[in-house]
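> This is coords-v6.cif, which holds mmCIF, C-alpha atoms:
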data_query
loop_
_atom_site.group_PDB
_atom_site.id
_atom_site.type_symbol
_atom_site.label_atom_id
_atom_site.label_comp_id
_atom_site.auth_asym_id
_atom_site.auth_seq_id
_atom_site.Cartn_x
_atom_site.Cartn_y
_atom_site.Cartn_z
ATOM 1 C CA MET A 10 -19.191 34.018 -6.474
ATOM 2 C CA ASN A 11 -19.417 35.895 -3.206
ATOM 3 C CA ILE A 12 -22.881 37.390 -3.267
ATOM 4 C CA PRO A 13 -23.544 40.248 -0.818
ATOM 5 C CA SER A 14 -24.245 39.180 2.753
ATOM 6 C CA VAL A 15 -26.503 40.796 5.348
ATOM 7 C CA ASP A 16 -27.296 40.012 8.980
ATOM 8 C CA LEU A 17 -31.017 39.863 9.757
ATOM 9 C CA ALA A 18 -30.221 40.491 13.425
ATOM 10 C CA ASP A 19 -29.269 44.045 12.428
ATOM 11 C CA PHE A 20 -32.745 44.680 11.078
ATOM 12 C CA LEU A 21 -34.453 43.140 14.089
ATOM 13 C CA SER A 22 -32.343 45.096 16.562
ATOM 14 C CA ASP A 23 -33.314 48.318 18.341
ATOM 15 C CA ASN A 24 -30.350 50.125 16.796
ATOM 16 C CA LYS A 25 -31.677 52.514 14.144
ATOM 17 C CA ASP A 26 -28.325 52.838 12.388
ATOM 18 C CA SER A 27 -27.965 49.059 12.100
ATOM 19 C CA LYS A 28 -31.509 48.726 10.846
ATOM 20 C CA ASP A 29 -31.080 51.500 8.274
ATOM 21 C CA ALA A 30 -27.819 49.971 7.049
ATOM 22 C CA PHE A 31 -29.500 46.593 6.644
ATOM 23 C CA VAL A 32 -32.289 48.109 4.545
ATOM 24 C CA LYS A 33 -29.782 49.901 2.324
ATOM 25 C CA ASN A 34 -27.548 46.847 1.877
ATOM 26 C CA LEU A 35 -30.458 44.494 1.202
ATOM 27 C CA GLY A 36 -31.940 46.836 -1.385
ATOM 28 C CA SER A 37 -28.583 47.365 -3.073
ATOM 29 C CA ALA A 38 -28.015 43.611 -3.318
ATOM 30 C CA TYR A 39 -31.464 43.137 -4.821
ATOM 31 C CA LYS A 40 -30.853 45.908 -7.363
ATOM 32 C CA GLU A 41 -27.331 44.895 -8.325
ATOM 33 C CA ILE A 42 -27.609 41.116 -8.500
ATOM 34 C CA GLY A 43 -31.036 39.986 -7.285
ATOM 35 C CA PHE A 44 -29.513 37.552 -4.776
ATOM 36 C CA VAL A 45 -28.313 38.060 -1.207
ATOM 37 C CA ALA A 46 -26.978 35.801 1.555
ATOM 38 C CA VAL A 47 -28.627 36.216 4.960
ATOM 39 C CA LYS A 48 -27.160 35.151 8.290
ATOM 40 C CA ASN A 49 -28.947 35.007 11.650
ATOM 41 C CA HIS A 50 -32.058 34.226 9.627
ATOM 42 C CA GLY A 51 -33.893 32.509 12.477
ATOM 43 C CA ILE A 52 -34.196 29.027 10.961
ATOM 44 C CA SER A 53 -32.290 26.717 13.301
ATOM 45 C CA ASN A 54 -29.621 24.314 12.101
ATOM 46 C CA ALA A 55 -31.409 21.511 13.932
ATOM 47 C CA LEU A 56 -34.627 22.193 12.017
ATOM 48 C CA ILE A 57 -32.801 22.399 8.675
ATOM 49 C CA SER A 58 -30.985 19.120 9.363
ATOM 50 C CA SER A 59 -34.230 17.418 10.346
ATOM 51 C CA LEU A 60 -35.931 18.751 7.228
ATOM 52 C CA TYR A 61 -33.236 17.343 4.932
ATOM 53 C CA LEU A 62 -33.293 13.960 6.670
ATOM 54 C CA HIS A 63 -37.054 13.658 6.224
ATOM 55 C CA VAL A 64 -36.820 14.813 2.613
ATOM 56 C CA GLN A 65 -34.144 12.257 1.748
ATOM 57 C CA GLU A 66 -36.175 9.513 3.377
ATOM 58 C CA PHE A 67 -39.282 10.497 1.402
ATOM 59 C CA PHE A 68 -37.549 10.515 -1.975
ATOM 60 C CA SER A 69 -36.014 7.120 -1.179
ATOM 61 C CA LEU A 70 -39.488 5.562 -1.114
ATOM 62 C CA PRO A 71 -40.458 3.309 -4.029
ATOM 63 C CA ALA A 72 -41.934 5.200 -6.988
ATOM 64 C CA VAL A 73 -45.354 3.630 -6.524
ATOM 65 C CA GLN A 74 -45.530 4.913 -2.952
ATOM 66 C CA LYS A 75 -44.504 8.447 -3.941
ATOM 67 C CA LYS A 76 -47.066 8.479 -6.768
ATOM 68 C CA ALA A 77 -49.772 7.903 -4.158
ATOM 69 C CA TYR A 78 -49.115 11.478 -2.991
ATOM 70 C CA GLU A 79 -49.547 12.999 -6.464
ATOM 71 C CA ASP A 80 -52.805 14.708 -7.471
ATOM 72 C CA PRO A 81 -52.642 16.302 -10.962
ATOM 73 C CA ALA A 82 -55.716 18.390 -10.161
ATOM 74 C CA LEU A 83 -53.617 20.383 -7.673
ATOM 75 C CA ALA A 84 -51.174 21.568 -10.387
ATOM 76 C CA GLY A 85 -48.163 20.621 -8.306
ATOM 77 C CA GLN A 86 -49.145 22.999 -5.505
ATOM 78 C CA ARG A 87 -49.559 20.260 -2.895
ATOM 79 C CA GLY A 88 -47.975 16.863 -2.455
ATOM 80 C CA TYR A 89 -45.718 15.039 -4.883
ATOM 81 C CA THR A 90 -44.894 15.903 -8.495
ATOM 82 C CA SER A 91 -43.167 13.138 -10.387
ATOM 83 C CA PHE A 92 -39.966 13.339 -12.398
ATOM 84 C CA GLY A 93 -40.045 15.344 -15.620
ATOM 85 C CA LYS A 94 -43.407 17.092 -15.130
ATOM 86 C CA GLU A 95 -42.175 20.692 -14.758
ATOM 87 C CA HIS A 96 -40.246 22.713 -17.319
ATOM 88 C CA ALA A 97 -38.936 26.267 -17.383
ATOM 89 C CA LYS A 98 -40.996 28.993 -19.060
ATOM 90 C CA GLY A 99 -40.154 28.995 -22.767
ATOM 91 C CA SER A 100 -38.521 25.560 -22.646
ATOM 92 C CA GLU A 101 -40.054 22.301 -23.808
ATOM 93 C CA ALA A 102 -37.397 20.172 -22.092
ATOM 94 C CA PRO A 103 -38.575 18.851 -18.705
ATOM 95 C CA ASP A 104 -36.348 19.549 -15.732
ATOM 96 C CA LEU A 105 -34.508 16.545 -14.305
ATOM 97 C CA LYS A 106 -36.252 16.611 -10.947
ATOM 98 C CA GLU A 107 -39.116 15.429 -8.769
ATOM 99 C CA PHE A 108 -40.509 17.432 -5.871
ATOM 100 C CA TYR A 109 -42.896 17.607 -2.933
ATOM 101 C CA GLN A 110 -44.762 20.787 -1.973
ATOM 102 C CA TYR A 111 -46.238 21.832 1.350
ATOM 103 C CA GLY A 112 -48.535 24.832 1.425
ATOM 104 C CA GLN A 113 -50.309 27.238 3.703
ATOM 105 C CA VAL A 114 -52.465 26.013 6.563
ATOM 106 C CA PRO A 115 -54.465 29.156 7.413
ATOM 107 C CA LEU A 116 -54.284 29.989 11.089
ATOM 108 C CA VAL A 117 -56.628 32.964 11.502
ATOM 109 C CA ASN A 118 -59.167 35.138 9.713
ATOM 110 C CA ILE A 119 -59.441 33.288 6.417
ATOM 111 C CA ASP A 120 -61.822 30.881 4.743
ATOM 112 C CA LYS A 121 -60.101 27.539 5.193
ATOM 113 C CA GLU A 122 -61.453 26.416 1.828
ATOM 114 C CA ALA A 123 -59.253 28.999 0.113
ATOM 115 C CA TYR A 124 -56.329 26.563 -0.041
ATOM 116 C CA PRO A 125 -56.334 22.826 -0.700
ATOM 117 C CA PRO A 126 -55.244 20.667 2.234
ATOM 118 C CA ASN A 127 -51.698 19.378 2.338
ATOM 119 C CA ILE A 128 -51.146 15.766 1.361
ATOM 120 C CA ALA A 129 -49.809 14.087 4.483
ATOM 121 C CA VAL A 130 -46.957 11.600 4.098
ATOM 122 C CA LYS A 131 -47.626 8.506 6.170
ATOM 123 C CA GLN A 132 -44.524 6.388 5.529
ATOM 124 C CA VAL A 133 -42.014 8.872 6.952
ATOM 125 C CA GLU A 134 -42.428 9.414 10.688
ATOM 126 C CA GLY A 135 -42.440 13.086 11.692
ATOM 127 C CA PHE A 136 -42.517 14.307 8.069
ATOM 128 C CA ASN A 137 -45.647 16.440 8.278
ATOM 129 C CA GLU A 138 -44.795 18.042 11.633
ATOM 130 C CA THR A 139 -41.294 18.880 10.423
ATOM 131 C CA PHE A 140 -42.627 20.563 7.283
ATOM 132 C CA GLU A 141 -45.145 22.608 9.282
ATOM 133 C CA ASN A 142 -42.446 23.766 11.712
ATOM 134 C CA ALA A 143 -40.089 24.630 8.867
ATOM 135 C CA TYR A 144 -42.844 26.433 6.967
ATOM 136 C CA ARG A 145 -43.548 28.707 9.947
ATOM 137 C CA ALA A 146 -39.849 29.444 10.475
ATOM 138 C CA PHE A 147 -39.339 30.367 6.820
ATOM 139 C CA GLU A 148 -42.524 32.436 6.800
ATOM 140 C CA LYS A 149 -41.385 34.457 9.821
ATOM 141 C CA SER A 150 -37.959 35.216 8.334
ATOM 142 C CA ALA A 151 -39.459 36.050 4.947
ATOM 143 C CA LYS A 152 -41.909 38.512 6.492
ATOM 144 C CA ALA A 153 -39.038 40.371 8.193
ATOM 145 C CA LEU A 154 -37.130 40.530 4.902
ATOM 146 C CA LEU A 155 -40.193 41.982 3.178
ATOM 147 C CA GLN A 156 -40.502 44.608 5.910
ATOM 148 C CA ALA A 157 -36.979 45.748 5.094
ATOM 149 C CA THR A 158 -37.812 45.658 1.398
ATOM 150 C CA ALA A 159 -40.840 47.870 1.991
ATOM 151 C CA LEU A 160 -38.685 50.478 3.730
ATOM 152 C CA PHE A 161 -36.186 50.386 0.851
ATOM 153 C CA LEU A 162 -39.055 51.097 -1.553
ATOM 154 C CA GLY A 163 -40.257 54.053 0.506
ATOM 155 C CA LEU A 164 -43.326 52.215 1.775
ATOM 156 C CA LYS A 165 -44.441 51.738 5.357
ATOM 157 C CA GLU A 166 -42.493 48.985 7.113
ATOM 158 C CA HIS A 167 -45.476 46.696 7.493
ATOM 159 C CA TYR A 168 -46.939 47.325 4.040
ATOM 160 C CA PHE A 169 -46.655 43.676 2.968
ATOM 161 C CA ASP A 170 -47.656 42.103 6.299
ATOM 162 C CA GLY A 171 -51.366 41.885 5.525
ATOM 163 C CA PHE A 172 -50.705 40.412 2.101
ATOM 164 C CA VAL A 173 -48.342 37.623 3.171
ATOM 165 C CA THR A 174 -50.121 36.674 6.409
ATOM 166 C CA ASN A 175 -51.991 33.514 5.390
ATOM 167 C CA GLY A 176 -50.441 33.976 1.946
ATOM 168 C CA ASN A 177 -50.166 31.263 -0.674
ATOM 169 C CA SER A 178 -46.517 30.467 0.111
ATOM 170 C CA ILE A 179 -44.972 27.107 -0.742
ATOM 171 C CA LEU A 180 -42.217 25.034 0.870
ATOM 172 C CA ARG A 181 -40.769 22.846 -1.876
ATOM 173 C CA ALA A 182 -38.430 19.888 -1.419
ATOM 174 C CA ILE A 183 -36.621 19.027 -4.664
ATOM 175 C CA HIS A 184 -34.763 15.849 -5.573
ATOM 176 C CA TYR A 185 -32.512 15.790 -8.621
ATOM 177 C CA PRO A 186 -31.909 12.033 -9.044
ATOM 178 C CA PRO A 187 -28.704 10.470 -10.338
ATOM 179 C CA ILE A 188 -28.263 10.964 -14.080
ATOM 180 C CA ILE A 189 -28.444 7.526 -15.675
ATOM 181 C CA ILE A 190 -28.381 8.338 -19.389
ATOM 182 C CA GLU A 191 -26.997 11.219 -21.437
ATOM 183 C CA PRO A 192 -29.499 14.102 -21.199
ATOM 184 C CA LYS A 193 -30.627 15.216 -24.655
ATOM 185 C CA THR A 194 -31.722 18.773 -24.019
ATOM 186 C CA ALA A 195 -32.205 19.328 -20.309
ATOM 187 C CA ILE A 196 -30.004 20.209 -17.395
ATOM 188 C CA ARG A 197 -31.251 19.568 -13.884
ATOM 189 C CA ALA A 198 -33.227 22.823 -13.971
ATOM 190 C CA GLU A 199 -33.226 25.061 -17.047
ATOM 191 C CA GLN A 200 -32.745 28.798 -16.677
ATOM 192 C CA HIS A 201 -35.732 30.489 -15.124
ATOM 193 C CA GLU A 202 -36.942 33.190 -12.779
ATOM 194 C CA ASP A 203 -39.070 32.486 -9.711
ATOM 195 C CA ILE A 204 -42.754 33.398 -9.820
ATOM 196 C CA ASN A 205 -43.224 34.718 -6.267
ATOM 197 C CA LEU A 206 -42.205 37.783 -4.242
ATOM 198 C CA ILE A 207 -38.972 36.415 -2.731
ATOM 199 C CA THR A 208 -37.431 32.959 -2.394
ATOM 200 C CA LEU A 209 -35.506 31.691 0.633
ATOM 201 C CA LEU A 210 -33.166 28.767 -0.012
ATOM 202 C CA VAL A 211 -31.340 26.758 2.632
ATOM 203 C CA GLY A 212 -28.048 25.176 1.596
ATOM 204 C CA ALA A 213 -28.452 22.488 -1.058
ATOM 205 C CA SER A 214 -26.817 19.091 -0.661
ATOM 206 C CA ALA A 215 -24.539 19.669 -3.680
ATOM 207 C CA ASP A 216 -23.280 22.435 -5.944
ATOM 208 C CA GLY A 217 -25.070 23.309 -9.160
ATOM 209 C CA LEU A 218 -26.872 26.638 -8.659
ATOM 210 C CA GLN A 219 -25.749 29.306 -11.121
ATOM 211 C CA ILE A 220 -26.987 32.856 -11.679
ATOM 212 C CA LEU A 221 -26.836 34.968 -14.828
ATOM 213 C CA THR A 222 -24.990 38.230 -14.217
ATOM 214 C CA LYS A 223 -25.733 41.548 -15.900
ATOM 215 C CA GLN A 224 -22.601 40.878 -17.954
ATOM 216 C CA ASN A 225 -24.458 37.828 -19.364
ATOM 217 C CA SER A 226 -22.170 35.233 -17.794
ATOM 218 C CA TRP A 227 -23.115 32.268 -15.617
ATOM 219 C CA ILE A 228 -21.605 32.301 -12.126
ATOM 220 C CA PRO A 229 -21.852 29.449 -9.589
ATOM 221 C CA VAL A 230 -23.330 30.330 -6.202
ATOM 222 C CA THR A 231 -23.250 28.329 -2.998
ATOM 223 C CA SER A 232 -24.468 29.421 0.396
ATOM 224 C CA LEU A 233 -22.012 29.584 3.263
ATOM 225 C CA PRO A 234 -22.636 27.644 6.472
ATOM 226 C CA ASP A 235 -25.335 29.215 8.664
ATOM 227 C CA GLN A 236 -26.601 31.389 5.805
ATOM 228 C CA ILE A 237 -29.568 31.185 3.478
ATOM 229 C CA VAL A 238 -29.728 32.578 -0.043
ATOM 230 C CA VAL A 239 -32.595 34.945 -0.867
ATOM 231 C CA ASN A 240 -33.621 36.149 -4.305
ATOM 232 C CA VAL A 241 -36.174 38.437 -5.910
ATOM 233 C CA GLY A 242 -39.097 36.833 -7.754
ATOM 234 C CA ASP A 243 -41.153 37.999 -10.705
ATOM 235 C CA MET A 244 -44.046 39.277 -8.573
ATOM 236 C CA LEU A 245 -41.762 41.719 -6.774
ATOM 237 C CA GLN A 246 -40.186 42.696 -10.089
ATOM 238 C CA ARG A 247 -43.614 43.572 -11.520
ATOM 239 C CA PHE A 248 -44.640 45.390 -8.340
ATOM 240 C CA THR A 249 -41.482 47.558 -8.445
ATOM 241 C CA ASN A 250 -41.601 48.140 -12.219
ATOM 242 C CA ASN A 251 -38.173 46.478 -12.611
ATOM 243 C CA LYS A 252 -36.491 48.508 -9.878
ATOM 244 C CA LEU A 253 -35.844 45.163 -8.182
ATOM 245 C CA CYS A 254 -35.208 42.559 -10.860
ATOM 246 C CA SER A 255 -35.781 38.839 -10.756
ATOM 247 C CA THR A 256 -32.440 37.204 -11.537
ATOM 248 C CA THR A 257 -32.244 34.342 -14.011
ATOM 249 C CA HIS A 258 -30.784 31.185 -12.486
ATOM 250 C CA ARG A 259 -30.428 27.476 -13.236
ATOM 251 C CA VAL A 260 -29.181 24.205 -11.769
ATOM 252 C CA VAL A 261 -26.525 22.544 -13.921
ATOM 253 C CA ASN A 262 -25.544 18.902 -14.052
ATOM 254 C CA PRO A 263 -22.489 17.859 -12.035
ATOM 255 C CA GLU A 264 -19.292 16.612 -13.579
ATOM 256 C CA ARG A 265 -19.797 13.237 -15.255
ATOM 257 C CA GLU A 266 -17.973 11.373 -12.473
ATOM 258 C CA LEU A 267 -20.682 12.632 -10.066
ATOM 259 C CA TRP A 268 -23.673 11.721 -12.229
ATOM 260 C CA HIS A 269 -24.424 8.824 -9.875
ATOM 261 C CA THR A 270 -25.167 11.249 -7.019
ATOM 262 C CA SER A 271 -28.423 12.936 -6.040
ATOM 263 C CA ARG A 272 -28.928 16.613 -5.274
ATOM 264 C CA PHE A 273 -31.498 17.884 -2.761
ATOM 265 C CA SER A 274 -32.683 21.476 -2.442
ATOM 266 C CA ILE A 275 -35.377 23.117 -0.294
ATOM 267 C CA PRO A 276 -36.623 26.573 -1.354
ATOM 268 C CA PHE A 277 -39.419 28.511 0.319
ATOM 269 C CA PHE A 278 -41.427 30.572 -2.175
ATOM 270 C CA LEU A 279 -43.070 33.516 -0.444
ATOM 271 C CA HIS A 280 -46.409 34.301 -2.092
ATOM 272 C CA PRO A 281 -49.033 36.818 -1.022
ATOM 273 C CA VAL A 282 -52.770 36.182 -0.898
ATOM 274 C CA SER A 283 -54.219 35.830 -4.380
ATOM 275 C CA THR A 284 -56.113 39.133 -4.199
ATOM 276 C CA MET A 285 -52.978 41.281 -3.818
ATOM 277 C CA SER A 286 -52.568 43.655 -6.735
ATOM 278 C CA LEU A 287 -49.189 43.534 -8.460
ATOM 279 C CA ARG A 288 -49.803 46.928 -10.051
ATOM 280 C CA CYS A 289 -46.524 48.818 -10.389
ATOM 281 C CA ILE A 290 -46.203 51.244 -7.483
ATOM 282 C CA ASP A 291 -46.199 54.927 -8.423
ATOM 283 C CA SER A 292 -42.813 55.614 -6.810
ATOM 284 C CA CYS A 293 -41.178 53.266 -9.330
ATOM 285 C CA ILE A 294 -42.766 54.906 -12.386
ATOM 286 C CA ASP A 295 -41.355 58.035 -14.049
ATOM 287 C CA ASP A 296 -40.479 59.389 -17.490
ATOM 288 C CA ASP A 297 -37.283 57.342 -17.636
ATOM 289 C CA ASN A 298 -39.037 54.227 -16.321
ATOM 290 C CA PRO A 299 -42.569 54.131 -17.744
ATOM 291 C CA LYS A 300 -44.987 51.517 -16.489
ATOM 292 C CA ALA A 301 -43.798 48.184 -17.919
ATOM 293 C CA TYR A 302 -46.583 45.800 -16.896
ATOM 294 C CA ALA A 303 -50.352 45.588 -17.101
ATOM 295 C CA ASP A 304 -52.242 45.416 -13.814
ATOM 296 C CA ILE A 305 -52.793 41.883 -12.520
ATOM 297 C CA THR A 306 -53.450 40.185 -9.201
ATOM 298 C CA ALA A 307 -51.068 37.704 -7.623
ATOM 299 C CA GLY A 308 -53.587 34.903 -8.115
ATOM 300 C CA GLU A 309 -54.074 35.681 -11.794
ATOM 301 C CA TYR A 310 -50.327 35.874 -12.346
ATOM 302 C CA LEU A 311 -49.663 32.581 -10.554
ATOM 303 C CA ASP A 312 -52.333 30.861 -12.653
ATOM 304 C CA GLU A 313 -50.740 32.225 -15.829
ATOM 305 C CA ARG A 314 -47.268 31.063 -14.866
ATOM 306 C CA LEU A 315 -48.351 27.572 -13.732
ATOM 307 C CA ARG A 316 -49.734 27.047 -17.249
ATOM 308 C CA GLU A 317 -46.500 28.298 -18.811
ATOM 309 C CA ILE A 318 -44.348 25.817 -16.878
ATOM 310 C CA GLY A 319 -46.572 22.813 -17.578
ATOM 311 C CA LEU A 320 -48.108 22.240 -14.144
ATOM 312 C CA LYS A 321 -51.596 23.422 -15.103
ATOM 313 C CA LYS A 322 -53.643 22.783 -18.226
#
Could you take the file, read its structure, and then write that structure out as structure tokens?

Amino acid sequence: MNIPSVDLADFLSDNKDSKDAFVKNLGSAYKEIGFVAVKNHGISNALISSLYLHVQEFFSLPAVQKKAYEDPALAGQRGYTSFGKEHAKGSEAPDLKEFYQYGQVPLVNIDKEAYPPNIAVKQVEGFNETFENAYRAFEKSAKALLQATALFLGLKEHYFDGFVTNGNSILRAIHYPPIIIEPKTAIRAEQHEDINLITLLVGASADGLQILTKQNSWIPVTSLPDQIVVNVGDMLQRFTNNKLCSTTHRVVNPERELWHTSRFSIPFFLHPVSTMSLRCIDSCIDDDNPKAYADITAGEYLDERLREIGLKK
């Protein structure tokens, strides 16, 4: 499926007409399908290639070495999470994946104890530096996309800046290993919606991503070269009282003849600071669209969802 495409350079330009058109097109894509492709996103091909190389090397380590980077007390928010630990909300079947997560390293004006430290990988040279560089590149692009989103919602352009600066964002590297036996109930990742504000996804190493359309049909989506795929998360859906909806998506198994292959994927989940209120904004509430959600903070909502997907007790 050809999802709508926008050029972030238009928003970052000094041309008001280009910037206004970007805001309109981004908002329309979010409203109509919840996914959008973004070119000129500012994350270099060299950095993306390096990131994937380091990720593949990490997941090739022996299981006992990877397990050394797993700390159950961190609820999957830092370091390694072993195969079959996470499941979609409402599903008991574990997803067919393992993953590594790298989180925020506060740079200014925040208590450094607010976030747990990242779990450094020692066996893969350059791994930690590459993840930090990629994290900052994703964070910068995501902040610009949220500025455009704010304008689409009738808010001030920099409304979200203070909430996502030093926010609880996560860079996740996912490995879907070869399928060895017939799966009983699970596909690689069951249908779900993302928890956060927006997700940025650089091209996966294989097909498999599908989104559920408003016509209730599953459509495969792949990103084009030099583009990333961006989608709305549940936090933004709550904040906008369903004006911008979080689209259901999944990762399906490949054809049987490709079961012996791995799939790698690297999403960046943009989260705000935990104290941000997700209260529905007044401009998205009216008689036809009454307030749909109770007030909650981003931190409270994240905690709730981590329990629902099996990462937190």
> Which is closest to Ser22 of chain A among A:Ala153, A:Gln132, A:Val47, A:Asn54, if we use only C-alpha atoms?
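The closest residue to Ser22 of chain A is A:Ala153.
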> For the file shown, report as a PyMOL selection string the outcome of the PyMOL selection byres ((chain A and resi 235) around 12) at residue level.
chain A and resi 14+16+46-55+57-58+210-212+231-234+236-238
> Would you kindly translate the PyMOL selection byres ((chain A and resi 285) around 8) into the concrete residues it picks from this file, as a VMD selection string?
chain A and resid 172 281 to 284 286 to 287 306 to 308
> Just give me the gap between atom CA of Gly242 of chain A and atom CA of Ile220 of chain A in Å, one decimal is fine.
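Distance between the two atoms: 13.3 Å.
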> Could you tell me which of A:Asp80, A:Glu166, A:Asp243, A:Glu141 comes closest to Leu116 of chain A if we count all atoms listed in the file?
A:Glu141
> When the PyMOL selection byres ((chain A and resi 41) around 10) is applied to the file above, which residues end up in the set, as a list in words?
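Selected by the PyMOL selection byres ((chain A and resi 41) around 10) here: Pro13, Gly36, Ser37, Ala38, Tyr39, Lys40, Ile42, Gly43, Phe44, Val45, Thr222, Lys223, Lys252, Leu253, Cys254 and Thr256 of chain A.
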> Hey, can I get the axis-aligned box for segment 303-317 of chain A? All listed atoms, 6 Å padding on each side, centre and edge lengths in Å to one decimal, as JSON.

{"center_x": -50.3, "center_y": 36.3, "center_z": -13.2, "size_x": 19.6, "size_y": 30.5, "size_z": 23.2}
> I'd like to know which of A:Cys293, A:Ala84, A:Ala18, A:Ile12 is closest to Arg314 of chain A, using all atoms listed in the file.
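Using all atoms listed in the file, Arg314 of chain A sits closest to A:Ala84.
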> For Gly93 of chain A, which residue among A:Lys165, A:Lys131, A:His184, A:His201 is the nearest when counting only C-alpha atoms?
A:His184
> I need the residue nearest Ala182 of chain A from this list: A:Trp268, A:Tyr144, A:Tyr111, A:Phe169. Use all atoms listed in the file for the distance.
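Nearest to Ala182 of chain A: A:Tyr111.
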> Which residue is closest to Gly176 of chain A? Choose from A:Glu107, A:Glu313, A:Glu148, A:Asp297 and count all atoms listed in the file.
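Ranked by minimum distance to Gly176 of chain A, first place goes to A:Glu148.
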> Could you check how far atom CA of Glu264 of chain A sits from atom CA of Pro187 of chain A, in Å to one decimal?
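Atom CA of Pro187 of chain A lies at a distance of 11.7 Å from atom CA of Glu264 of chain A.
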> State, in Å with one decimal place, the distance from atom CA of Asn11 of chain A to atom CA of Gly217 of chain A.
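A separation of 15.0 Å between them.
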> Save segment 46-60 of chain A of the structure in the block above to a file, with N, CA and C atoms included, as a PDB file, in the first residue's frame.

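Generated output (out33.pdb):
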ATOM      1  N   ALA A  46       4.699   8.234   5.421  1.00  0.00           N
ATOM      2  CA  ALA A  46       6.110   8.082   5.066  1.00  0.00           C
ATOM      3  C   ALA A  46       6.751   9.465   5.052  1.00  0.00           C
ATOM      4  N   VAL A  47       7.960   9.564   5.558  1.00  0.00           N
ATOM      5  CA  VAL A  47       8.649  10.853   5.658  1.00  0.00           C
ATOM      6  C   VAL A  47      10.015  10.751   4.983  1.00  0.00           C
ATOM      7  N   LYS A  48      10.263  11.633   4.026  1.00  0.00           N
ATOM      8  CA  LYS A  48      11.578  11.710   3.408  1.00  0.00           C
ATOM      9  C   LYS A  48      12.318  12.948   3.895  1.00  0.00           C
ATOM     10  N   ASN A  49      13.616  12.989   3.649  1.00  0.00           N
ATOM     11  CA  ASN A  49      14.468  14.063   4.190  1.00  0.00           C
ATOM     12  C   ASN A  49      14.263  14.209   5.696  1.00  0.00           C
ATOM     13  N   HIS A  50      14.289  13.056   6.371  1.00  0.00           N
ATOM     14  CA  HIS A  50      13.977  12.991   7.795  1.00  0.00           C
ATOM     15  C   HIS A  50      15.167  13.320   8.683  1.00  0.00           C
ATOM     16  N   GLY A  51      16.357  13.427   8.116  1.00  0.00           N
ATOM     17  CA  GLY A  51      17.511  13.854   8.890  1.00  0.00           C
ATOM     18  C   GLY A  51      18.307  12.742   9.543  1.00  0.00           C
ATOM     19  N   ILE A  52      17.925  11.493   9.330  1.00  0.00           N
ATOM     20  CA  ILE A  52      18.681  10.366   9.880  1.00  0.00           C
ATOM     21  C   ILE A  52      19.484   9.777   8.720  1.00  0.00           C
ATOM     22  N   SER A  53      20.784   9.904   8.752  1.00  0.00           N
ATOM     23  CA  SER A  53      21.605   9.573   7.585  1.00  0.00           C
ATOM     24  C   SER A  53      21.586   8.081   7.264  1.00  0.00           C
ATOM     25  N   ASN A  54      21.752   7.779   5.979  1.00  0.00           N
ATOM     26  CA  ASN A  54      21.827   6.383   5.558  1.00  0.00           C
ATOM     27  C   ASN A  54      23.011   5.674   6.203  1.00  0.00           C
ATOM     28  N   ALA A  55      24.104   6.394   6.366  1.00  0.00           N
ATOM     29  CA  ALA A  55      25.296   5.793   6.978  1.00  0.00           C
ATOM     30  C   ALA A  55      25.004   5.384   8.423  1.00  0.00           C
ATOM     31  N   LEU A  56      24.292   6.230   9.150  1.00  0.00           N
ATOM     32  CA  LEU A  56      23.957   5.923  10.539  1.00  0.00           C
ATOM     33  C   LEU A  56      22.989   4.744  10.611  1.00  0.00           C
ATOM     34  N   ILE A  57      21.998   4.726   9.729  1.00  0.00           N
ATOM     35  CA  ILE A  57      21.033   3.618   9.710  1.00  0.00           C
ATOM     36  C   ILE A  57      21.736   2.305   9.389  1.00  0.00           C
ATOM     37  N   SER A  58      22.626   2.326   8.405  1.00  0.00           N
ATOM     38  CA  SER A  58      23.367   1.111   8.040  1.00  0.00           C
ATOM     39  C   SER A  58      24.223   0.622   9.201  1.00  0.00           C
ATOM     40  N   SER A  59      24.898   1.554   9.861  1.00  0.00           N
ATOM     41  CA  SER A  59      25.732   1.192  11.005  1.00  0.00           C
ATOM     42  C   SER A  59      24.885   0.608  12.132  1.00  0.00           C
ATOM     43  N   LEU A  60      23.727   1.194  12.350  1.00  0.00           N
ATOM     44  CA  LEU A  60      22.827   0.724  13.398  1.00  0.00           C
ATOM     45  C   LEU A  60      22.410  -0.722  13.136  1.00  0.00           C
TER      46      LEU A  60
END
